[in-house]
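Q: Here's a structure for you.
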Amino acid sequence: MSFFKKLLAKNNLSSHDGRPLWKYFLTEQDFNDLCKTFRYVESYDIDARDAAIFYAEWWKRNYKGGIPSKESIFDSLEGNVKFYFNHNEFYNIAIKGGQMLGLKWIIKQNTLRFKTLLLQGGLPLTHIGDNKGRYLNFLLAVLEEQPESIEDFIFQPHIIQHLPISSQNDIVYENCFEIVKSILNEENIYDELLGSDEALKEISGELKVRAQKIERKTRLSKPKNYWILKRADDKCEISLRIGLAKSYSNEALKSILGIEISEDKYQLFLNDKLICVFRKMQSGAYKTDWFNQEDHNWDGDDNLPIAYIISKDIKTEVNGFIQTSPTLHEPTLWSKYSESEWRLIKGNGSGDKNPAVLMPLDWKSENPAQFLYVVETKMYWLEFEGELKVLNHEEQRTYFSGVEAFDWIIESRKPNWMARANMPVVRDTLKIHVYGTSNKIVPQSQYSVSIKPHGSIVPWVELLPGTNIPTGCVNIKIEMNGLVAYDNVYNVGNLTMENTEFDIDKAVITMFGLNSLNFKLNETPLINITADQNRYTLKVNTERFKIPTLVQGSIGKWTQKRLHFQMESPFQGLALVDKDGKIINENAKLSLKNLNGLRLLSSPGKETIIVLKNKINSQVKISESIIPAFKPLVSYRDEIVRLFYLADAMDFENRVVIELKEGSQQKKFEIAGFSHTLEINEVDVMLNPDSPECPLELFAIPMHDKLTEVTVIPMQKENEYYKIPLHGDISQWIIISTKCEGNQLMPRFVNTDPEYVSSEKDIRIRDYCNQLLLSDFDSDIWKQLLSLFTICSKNGYDIPFSTFDQFRALALSSKVAAKAYLYISVNQGEQETLLQKDIPEMEKDLGICFHWIAKDDWDSALNEIFDFFKVEPINYQHYIAVITGYMKENGFDEIFRSMMGSSIKCDSISHMRINDLRSRLGERVLKELPALRPKTTSDYNIPVDQHKQVRLLVKSPIAVAESIKKVSAEHTIWGEFAYGNEIRRNIQYSQYISPNFYKETILHVLNTN
């Protein structure tokens, strides 16, 4: 018996509507019924969603401190569930339940499913109530900090110490951050939950009062990137946590990236992996759009990771983004972060009362030490309190606990050819920025910096403006508030490199300005190196079909510590290579889901052109010169996705073609939408992914017009195959998969009934359109559409909306599109994901835009929504806001106001304005514009015929404006007509390629009678 099905019925729902699980507000009796379900459950009859909701409710009701575990959660259950399952099996069932519910898994260093399941419970109400005073003080301290991410406070002992020691863990921090964020943003997300208890209501009240009084601050600080060591007995793993906020003001992003901010997007890469994209929003702030938040595991390499941004084809290194790295060769200081996790501290002092030092075996201390294995290397681990002295045969170091520690950044000035190094690199000048408590920059008057050559016995020299920096390795001493910290920097002086000869398998480089520096490049099985004074010849071992992505080397001076570096590969020519340098064959299978690590190689001095186009709809081409010799292919992701959606996402033949041209050389590659397709064994009705090593989990979606609750069903694996589940009399299914390491299965329709005869696709879509148009929102078709949206959304399984014909029907009618947008929107809790991810994805996928909808159809759909939800006039604005929110997100505020009858001042679309458009786009883009364009009833005094080359770009916004005004039923952009899908997608392309002109032309037409 499924408890969750009863819960849905109690809430008058046919399926889960995407709300957080705590918003079902289970009563004490509900929770007892849930527990009773597990007490009498049979092994074959457990609803995985019940397990997911139990995790959430356990967090809310039963958590009483300490680090939550799968064991403690499972041990709180009684009855049959204990006989049939163990704690790991029950946890895996809960994960499947979360997948069925479409939970948005938290992704930080990796996918945090355990944390996600717990935080679906909202808040640990019992534990907060038992420790009201301590939680209140902690929340007030966090509120004062005004954090943008948990990294803004979790490493500050004076804040963390307010919590009970048993609560000092990552899940509590994340939970409390969400409470504070909602109060600072006046969102009232947790009001109902906090209001369920008098003690909790008091906490909420005090936080809101304090929030009104604090002065809002602009946070301009260094990036919060941390190395985390996770212990497990005598072994440990070290990984890099990238701590970026959800959004940044222009000034804050400038502070993070160290450049003037003026473009619409900035792609951030770490060691050639796309981490995130900072996208400009209509407010002027920049949103952090994550691509890779998973573990960046440390492999023992001392070199600092290299961070850079790409914007407008310009690559710029982000200096100081990551300023320190773990090492196996020197002692390092670690501060406790949670029960089993520690954070790398830069310097010799920690605010933590019990930090630890990790050091190699040639260092000694009088304090007792443990052995710890790091990257299979045996090390000493010393936890201490107060003061710890360690020494080797060359030097002694002293570490302190419980002190007001500080951090610093050295402005790196690496030569362009040097990708990574094991310490900051400068060129005759040295600038240091010191940060104190809360990562606030410290005035130079409050600290002193001294330098001396590494390995020398000369006295320290204070660093002042104009101080001479010796070449080679330089020791740095920073003193502040009685605390001393040390660092190293390498001054390469005027060292330069010239690439005198280059090819795909051979390169000759010449070094200038070596003076007393000893320069060495390291041979590997991939490359042979010969040196003739300052001239180096490098040859690739072509038998391996690999080109080294980086060349390692070192620079030294006498007996000083050497600078170990990685140099950008000097081998240049026309090629596509993977992360290991392997040359990609032109017939290789590439997919949109896994572009990371692929790099385009080109030859400096030669014009290299990349041309992108859709294989099916090849009218549209995007081409440009490749400027950097090495460029990540993922930097073209937006363009590739745009082109992919010029054809049907569910067409197995749909590909984006990449052509590389360099003189007479040319290479061609194809990119599919998905990494995997499905093979079907018709005899046994068994399914097998086309790759035997596929790590994907498969799910089946039952398809039947009478189903209102469309539930994703996990498929059972038998040997190497997956079996179609038994589900009533359902014979038609859509098979989908999870996403794993960039892999995902293309959704596939499967029929198990040999007697089944489907109607033609166009007729089926037309029928769905009529049903949606004529039906009320409580009908089966609308409930089904909502269920399918939850499955397709970014918070669900992230599959194309065009997987289902119900969504394709939206393109046939402006009124149906208006109804669907409103009905889906008002049923979504997380509007940010809806507006910034789901709606744009739906528009690209279906080849429509919701701003095309006629004003009359918006009015009609709003009236249906008001009637259905019995909305009082005083609350109309709340429902209208889902339209205004969409318009604002897309920069169409003025268009919406004009639709509503306001007079908007706008410039006319003149010859000069169109000439300006042509000049900005350039001749190459203009030649590649598709010919198919929409028909319109008038030109509205716009000189269209005089600018035939850009007629698509002019006609498209005119057609959109006429759609909004509902000028003509004959020339509509909705519905079925010759080349309708292609024309709609060309209109979208027009908006993409010239967004300002597109918007200005719509406004011009709306304001022209």
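Scheme for the structure tokens: letters A, B, ... for chains in order shown; per-chain residue numbers from 1; ligand numbers from 1 in order shown.
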As a ChimeraX atom specification, please: all residues of stretch 492-643 of chain A that backbone DSSP puts in strand (DSSP E).
A: /A:496-502,506-512,518-521,527-532,535-540,550-556,563-568,575-577,590-591,599-601,608-614,621-625,630-632
Q: Create the file for the chosen residues now, containing C-alpha atoms and written as an mmCIF file, in the first residue's frame.
A:
data_model
loop_
_atom_site.group_PDB
_atom_site.id
_atom_site.type_symbol
_atom_site.label_atom_id
_atom_site.label_comp_id
_atom_site.auth_asym_id
_atom_site.auth_seq_id
_atom_site.Cartn_x
_atom_site.Cartn_y
_atom_site.Cartn_z
ATOM 1 C CA THR A 496 60.314 35.303 -22.940
ATOM 2 C CA MET A 497 59.660 32.463 -25.375
ATOM 3 C CA GLU A 498 59.433 32.503 -29.161
ATOM 4 C CA ASN A 499 57.799 29.683 -31.112
ATOM 5 C CA THR A 500 60.119 29.733 -34.136
ATOM 6 C CA GLU A 501 58.790 26.577 -35.839
ATOM 7 C CA PHE A 502 55.567 24.662 -35.269
ATOM 8 C CA LYS A 506 57.132 19.124 -34.279
ATOM 9 C CA ALA A 507 57.966 22.457 -32.665
ATOM 10 C CA VAL A 508 61.058 24.577 -32.083
ATOM 11 C CA ILE A 509 61.088 27.137 -29.299
ATOM 12 C CA THR A 510 63.728 29.669 -28.320
ATOM 13 C CA MET A 511 64.052 31.169 -24.832
ATOM 14 C CA PHE A 512 65.292 34.732 -24.290
ATOM 15 C CA ASN A 518 68.436 27.230 -15.698
ATOM 16 C CA PHE A 519 65.593 26.183 -18.027
ATOM 17 C CA LYS A 520 64.601 22.542 -18.571
ATOM 18 C CA LEU A 521 61.806 20.756 -20.462
ATOM 19 C CA ILE A 527 57.652 13.713 -26.872
ATOM 20 C CA ASN A 528 61.405 13.746 -27.526
ATOM 21 C CA ILE A 529 63.328 16.923 -26.683
ATOM 22 C CA THR A 530 66.766 18.087 -27.789
ATOM 23 C CA ALA A 531 68.377 21.286 -26.478
ATOM 24 C CA ASP A 532 70.979 23.490 -28.152
ATOM 25 C CA ARG A 535 66.931 26.513 -28.474
ATOM 26 C CA TYR A 536 64.682 23.458 -27.905
ATOM 27 C CA THR A 537 63.340 21.044 -30.514
ATOM 28 C CA LEU A 538 60.296 18.946 -29.549
ATOM 29 C CA LYS A 539 59.035 15.993 -31.601
ATOM 30 C CA VAL A 540 55.851 14.009 -31.018
ATOM 31 C CA LEU A 550 50.820 20.532 -21.853
ATOM 32 C CA VAL A 551 54.622 20.246 -21.722
ATOM 33 C CA GLN A 552 56.214 20.068 -18.283
ATOM 34 C CA GLY A 553 59.388 21.817 -17.325
ATOM 35 C CA SER A 554 61.238 23.619 -14.556
ATOM 36 C CA ILE A 555 63.280 26.736 -13.937
ATOM 37 C CA GLY A 556 65.996 26.821 -11.297
ATOM 38 C CA LEU A 563 59.763 26.534 -10.314
ATOM 39 C CA HIS A 564 57.905 23.588 -11.843
ATOM 40 C CA PHE A 565 55.572 24.634 -14.636
ATOM 41 C CA GLN A 566 53.369 23.329 -17.406
ATOM 42 C CA MET A 567 53.684 25.055 -20.752
ATOM 43 C CA GLU A 568 50.959 25.364 -23.361
ATOM 44 C CA ALA A 575 42.845 19.140 -35.153
ATOM 45 C CA LEU A 576 40.288 18.306 -32.485
ATOM 46 C CA VAL A 577 41.765 16.599 -29.413
ATOM 47 C CA LEU A 590 30.301 13.256 -30.135
ATOM 48 C CA SER A 591 27.310 14.514 -28.158
ATOM 49 C CA ARG A 599 39.864 21.301 -27.661
ATOM 50 C CA LEU A 600 40.204 22.874 -31.085
ATOM 51 C CA LEU A 601 43.764 23.280 -32.337
ATOM 52 C CA THR A 608 41.290 29.219 -39.153
ATOM 53 C CA ILE A 609 37.540 29.295 -39.680
ATOM 54 C CA ILE A 610 35.004 27.269 -37.720
ATOM 55 C CA VAL A 611 31.611 26.804 -39.371
ATOM 56 C CA LEU A 612 28.665 25.438 -37.372
ATOM 57 C CA LYS A 613 25.409 24.302 -38.964
ATOM 58 C CA ASN A 614 22.533 21.867 -38.510
ATOM 59 C CA LYS A 621 25.398 28.834 -40.449
ATOM 60 C CA ILE A 622 27.485 30.347 -37.699
ATOM 61 C CA SER A 623 31.102 30.971 -38.624
ATOM 62 C CA GLU A 624 34.006 32.833 -37.091
ATOM 63 C CA SER A 625 37.775 32.870 -36.929
ATOM 64 C CA PHE A 630 43.872 26.167 -28.310
ATOM 65 C CA LYS A 631 40.176 26.704 -27.707
ATOM 66 C CA PRO A 632 37.743 24.521 -25.716
#
Q: Determine, counting only C-alpha atoms, which protein, DNA and RNA residues have an atom within 12 Å of an atom of A:Glu145; residues of the same chain fewer than 5 positions away are not included. Present the result as a VMD selection string.
A: chain A and resid 138 to 140 150 to 154 156 158 to 159 177 180 to 181 184 211 214 to 219 437 to 440
Q: For A:Met899, find every residue with an atom within 9 Å (counting only C-alpha atoms), except residues of its own chain fewer than 2 positions away, and show them as a list in words.
A: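 Once the adjacent positions are removed, what remains is Ala854, Lys855, Glu894, Ile895, Phe896, Arg897, Gly901, Ser902, Ile964, Lys965 and Leu1006 of chain A.
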Q: Produce a file of the selected residues containing N, CA, C and O atoms, as a PDB file, in the first residue's frame.
A:
ATOM      1  N   ALA A 854      -0.767  36.321 -28.568  1.00  0.00           N
ATOM      2  CA  ALA A 854      -1.615  37.503 -28.753  1.00  0.00           C
ATOM      3  C   ALA A 854      -2.113  38.015 -27.411  1.00  0.00           C
ATOM      4  O   ALA A 854      -2.408  37.231 -26.492  1.00  0.00           O
ATOM      5  N   LYS A 855      -2.226  39.343 -27.301  1.00  0.00           N
ATOM      6  CA  LYS A 855      -2.727  39.947 -26.058  1.00  0.00           C
ATOM      7  C   LYS A 855      -4.110  39.402 -25.712  1.00  0.00           C
ATOM      8  O   LYS A 855      -4.398  39.089 -24.543  1.00  0.00           O
ATOM      9  N   GLU A 894       9.141  46.699 -21.882  1.00  0.00           N
ATOM     10  CA  GLU A 894       8.484  47.739 -22.690  1.00  0.00           C
ATOM     11  C   GLU A 894       7.465  47.121 -23.637  1.00  0.00           C
ATOM     12  O   GLU A 894       6.399  47.703 -23.876  1.00  0.00           O
ATOM     13  N   ILE A 895       7.783  45.960 -24.184  1.00  0.00           N
ATOM     14  CA  ILE A 895       6.833  45.289 -25.081  1.00  0.00           C
ATOM     15  C   ILE A 895       5.566  44.932 -24.315  1.00  0.00           C
ATOM     16  O   ILE A 895       4.444  45.124 -24.810  1.00  0.00           O
ATOM     17  N   PHE A 896       5.720  44.445 -23.074  1.00  0.00           N
ATOM     18  CA  PHE A 896       4.542  44.084 -22.290  1.00  0.00           C
ATOM     19  C   PHE A 896       3.709  45.321 -21.960  1.00  0.00           C
ATOM     20  O   PHE A 896       2.471  45.282 -22.058  1.00  0.00           O
ATOM     21  N   ARG A 897       4.376  46.413 -21.590  1.00  0.00           N
ATOM     22  CA  ARG A 897       3.627  47.638 -21.273  1.00  0.00           C
ATOM     23  C   ARG A 897       2.906  48.158 -22.511  1.00  0.00           C
ATOM     24  O   ARG A 897       1.773  48.646 -22.426  1.00  0.00           O
ATOM     25  N   GLY A 901      -1.301  48.659 -23.461  1.00  0.00           N
ATOM     26  CA  GLY A 901      -1.890  49.934 -23.863  1.00  0.00           C
ATOM     27  C   GLY A 901      -1.085  51.157 -23.512  1.00  0.00           C
ATOM     28  O   GLY A 901      -1.500  52.285 -23.832  1.00  0.00           O
ATOM     29  N   SER A 902       0.063  50.986 -22.853  1.00  0.00           N
ATOM     30  CA  SER A 902       0.886  52.143 -22.510  1.00  0.00           C
ATOM     31  C   SER A 902       1.567  52.681 -23.758  1.00  0.00           C
ATOM     32  O   SER A 902       1.914  51.922 -24.675  1.00  0.00           O
ATOM     33  N   ILE A 964       1.133  39.377 -31.820  1.00  0.00           N
ATOM     34  CA  ILE A 964       0.704  39.967 -30.543  1.00  0.00           C
ATOM     35  C   ILE A 964      -0.574  40.772 -30.737  1.00  0.00           C
ATOM     36  O   ILE A 964      -1.503  40.709 -29.920  1.00  0.00           O
ATOM     37  N   LYS A 965      -0.642  41.506 -31.863  1.00  0.00           N
ATOM     38  CA  LYS A 965      -1.816  42.341 -32.141  1.00  0.00           C
ATOM     39  C   LYS A 965      -2.956  41.538 -32.775  1.00  0.00           C
ATOM     40  O   LYS A 965      -4.059  42.040 -32.921  1.00  0.00           O
ATOM     41  N   LEU A1006       4.176  47.716 -32.742  1.00  0.00           N
ATOM     42  CA  LEU A1006       3.108  47.810 -31.748  1.00  0.00           C
ATOM     43  C   LEU A1006       2.620  49.245 -31.572  1.00  0.00           C
ATOM     44  O   LEU A1006       1.452  49.475 -31.219  1.00  0.00           O
TER      45      LEU A1006
END
Q: Which one of A:Leu34, A:Val871, A:Met423, A:Leu391 sits closest to A:Glu78 if you count only C-alpha atoms?
A: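 Looking at the shortest contact to A:Glu78, the residue is A:Leu34.
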Q: Figure out the distance between atom CA of A:Pro223 and atom CA of A:Gly320, please, to one decimal in Å.
A: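 Interatomic distance here is 8.4 Å.
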Q: Rounded to one decimal in Å, what is the spacing between atom CA of A:Leu483 and atom CA of A:Gly402?
A: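 Distance between the two atoms: 11.6 Å.
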Q: Using only C-alpha atoms, can you tell me which of A:Ala56, A:Ala861, A:Val757, A:Ala356 comes closest to A:Thr332?
A: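 Nearest candidate to A:Thr332 out of A:Ala56, A:Ala861, A:Val757, A:Ala356: A:Ala356.
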Q: Can you list, as a PyMOL selection string, every protein, DNA or RNA residue that comes within 12 Å of A:Leu745 when you count only C-alpha atoms, leaving out same-chain residues fewer than 3 positions away?
A: chain A and resi 591-593+650+652+672-679+688-691+694-699+734-740+742+748+797-800
Q: List as a list in words the protein and nucleic acid residues near A:Pro934, meaning an atom at most 10 Å away when only C-alpha atoms are counted, but skip any in the same chain fewer than 5 places from it.
A: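 Neighbouring residues, sequence-local ones excluded: Arg951, Leu952, Lys955, Ser956, Pro957, Ile958, Ala959, Val960, His971, Thr972, Ile973, Tyr979, Gly980, Glu982, Ile983, Arg984, Asn986 and Ile987 of chain A.
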Q: Generate a file of the selected residues that holds C-alpha atoms, formatted as a compact mmCIF listing (two decimals), in the first residue's frame.
A:
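Result file selection-v6.txt:
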# COMPACT_ATOMS: atom_id res chain seq x y z
CA ARG A 951 14.68 40.73 -44.84
CA LEU A 952 14.49 37.79 -42.43
CA LYS A 955 10.25 40.50 -41.21
CA SER A 956 10.60 38.26 -38.14
CA PRO A 957 9.90 40.92 -35.47
CA ILE A 958 7.16 42.41 -37.66
CA ALA A 959 5.46 39.00 -37.77
CA VAL A 960 5.82 38.68 -33.98
CA HIS A 971 -0.53 35.31 -41.91
CA THR A 972 -0.18 33.79 -38.45
CA ILE A 973 3.08 32.29 -37.19
CA TYR A 979 7.42 25.30 -43.73
CA GLY A 980 5.84 26.47 -40.48
CA GLU A 982 11.34 26.09 -40.13
CA ILE A 983 9.94 29.64 -40.25
CA ARG A 984 9.26 29.69 -36.51
CA ASN A 986 14.17 31.16 -38.18
CA ILE A 987 12.25 33.81 -36.23
Q: Which of these, A:Met100, A:Thr803, A:Ser76, A:Ala9, has the shortest distance to A:Asp50 once you count only C-alpha atoms?
A: A:Met100
Q: DSSP on the backbone, helix (DSSP H, G or I) only: what residues of stretch 246-370 of chain A does that give? Format it as number ranges by chain.
A: A: 250-257
Q: With only C-alpha atoms as the atoms that count, which of A:Cys473, A:Ala245, A:Ile848, A:Ile261 lies nearest to A:Asn491?
A: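 Closest to A:Asn491 of all the choices is A:Cys473.
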Q: Which residue gives the smallest distance to A:Leu633 among A:Asn596, A:Gln619, A:Ser204, A:Ser860, with only C-alpha atoms counted?
A: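 Answer, going by the shortest atom-to-atom distance: A:Asn596.
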Q: A:Tyr44: which residues within 12 Å, counting only C-alpha atoms, same-chain residues fewer than 4 positions away excluded, as a PDB file with N, CA and C atoms, in the first residue's frame?
A:
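Saved result, part12.pdb, follows:
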ATOM      1  N   MET A   1       0.858  -1.197   0.000  1.00  0.00           N
ATOM      2  CA  MET A   1       0.000   0.000   0.000  1.00  0.00           C
ATOM      3  C   MET A   1       0.891   1.243   0.000  1.00  0.00           C
ATOM      4  N   SER A   2       0.639   2.154  -0.910  1.00  0.00           N
ATOM      5  CA  SER A   2       1.452   3.360  -1.034  1.00  0.00           C
ATOM      6  C   SER A   2       0.906   4.480  -0.153  1.00  0.00           C
ATOM      7  N   TYR A  40       4.502  -2.864   7.874  1.00  0.00           N
ATOM      8  CA  TYR A  40       3.788  -4.005   7.280  1.00  0.00           C
ATOM      9  C   TYR A  40       4.076  -4.181   5.787  1.00  0.00           C
ATOM     10  N   ALA A  48       8.812   3.610  -3.592  1.00  0.00           N
ATOM     11  CA  ALA A  48      10.075   4.304  -3.334  1.00  0.00           C
ATOM     12  C   ALA A  48       9.851   5.749  -2.889  1.00  0.00           C
ATOM     13  N   ASN A  80       8.524  -5.036   9.197  1.00  0.00           N
ATOM     14  CA  ASN A  80       8.956  -5.821   8.043  1.00  0.00           C
ATOM     15  C   ASN A  80      10.123  -5.208   7.281  1.00  0.00           C
ATOM     16  N   VAL A  81      10.162  -3.881   7.216  1.00  0.00           N
ATOM     17  CA  VAL A  81      11.199  -3.216   6.426  1.00  0.00           C
ATOM     18  C   VAL A  81      12.591  -3.630   6.891  1.00  0.00           C
ATOM     19  N   TYR A  84      13.335  -7.175   5.308  1.00  0.00           N
ATOM     20  CA  TYR A  84      13.548  -7.269   3.874  1.00  0.00           C
ATOM     21  C   TYR A  84      14.750  -6.459   3.371  1.00  0.00           C
ATOM     22  N   PHE A  85      15.129  -5.400   4.090  1.00  0.00           N
ATOM     23  CA  PHE A  85      16.158  -4.482   3.578  1.00  0.00           C
ATOM     24  C   PHE A  85      17.185  -4.154   4.652  1.00  0.00           C
ATOM     25  N   ILE A  93      16.520   2.828  -2.315  1.00  0.00           N
ATOM     26  CA  ILE A  93      15.090   2.928  -2.630  1.00  0.00           C
ATOM     27  C   ILE A  93      14.648   4.390  -2.525  1.00  0.00           C
TER      28      ILE A  93
END
Q: Of the residues A:Glu976, A:Asn770, A:Ile853, A:Leu143, which is the one nearest to A:Val209, using only C-alpha atoms?
A: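 The shortest atom-to-atom distance to A:Val209 comes from A:Leu143.
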Q: Where does stretch 17-62 of chain A meet stretch 709-717 of chain A within 12 Å, residue by residue, with the nearest atom pair and distance in Å to one decimal for each, counting only C-alpha atoms, listed by chain and rising number, as a Markdown table?
A:
| residue | atom | partner | partner_atom | distance |
| --- | --- | --- | --- | --- |
| A:Asp17 | CA | A:Glu709 | CA | 10.2 |
| A:Asp47 | CA | A:Ile713 | CA | 10.4 |
| A:Ala48 | CA | A:Pro714 | CA | 9.6 |
| A:Arg49 | CA | A:Thr711 | CA | 10.6 |
Q: Write out as a PyMOL selection string each polymer residue whose atoms come within 10 Å of A:Leu200, counting only C-alpha atoms; drop sequence neighbours fewer than 5 positions from it.
A: chain A and resi 125-126+128-129+132+135-136+191+193-195+205
Q: Rounded to one decimal in Å, what is the spacing between atom CA of A:Trp858 and atom CA of A:Ile883?
A: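 Between atom CA of A:Trp858 and atom CA of A:Ile883 the gap works out to 8.8 Å.
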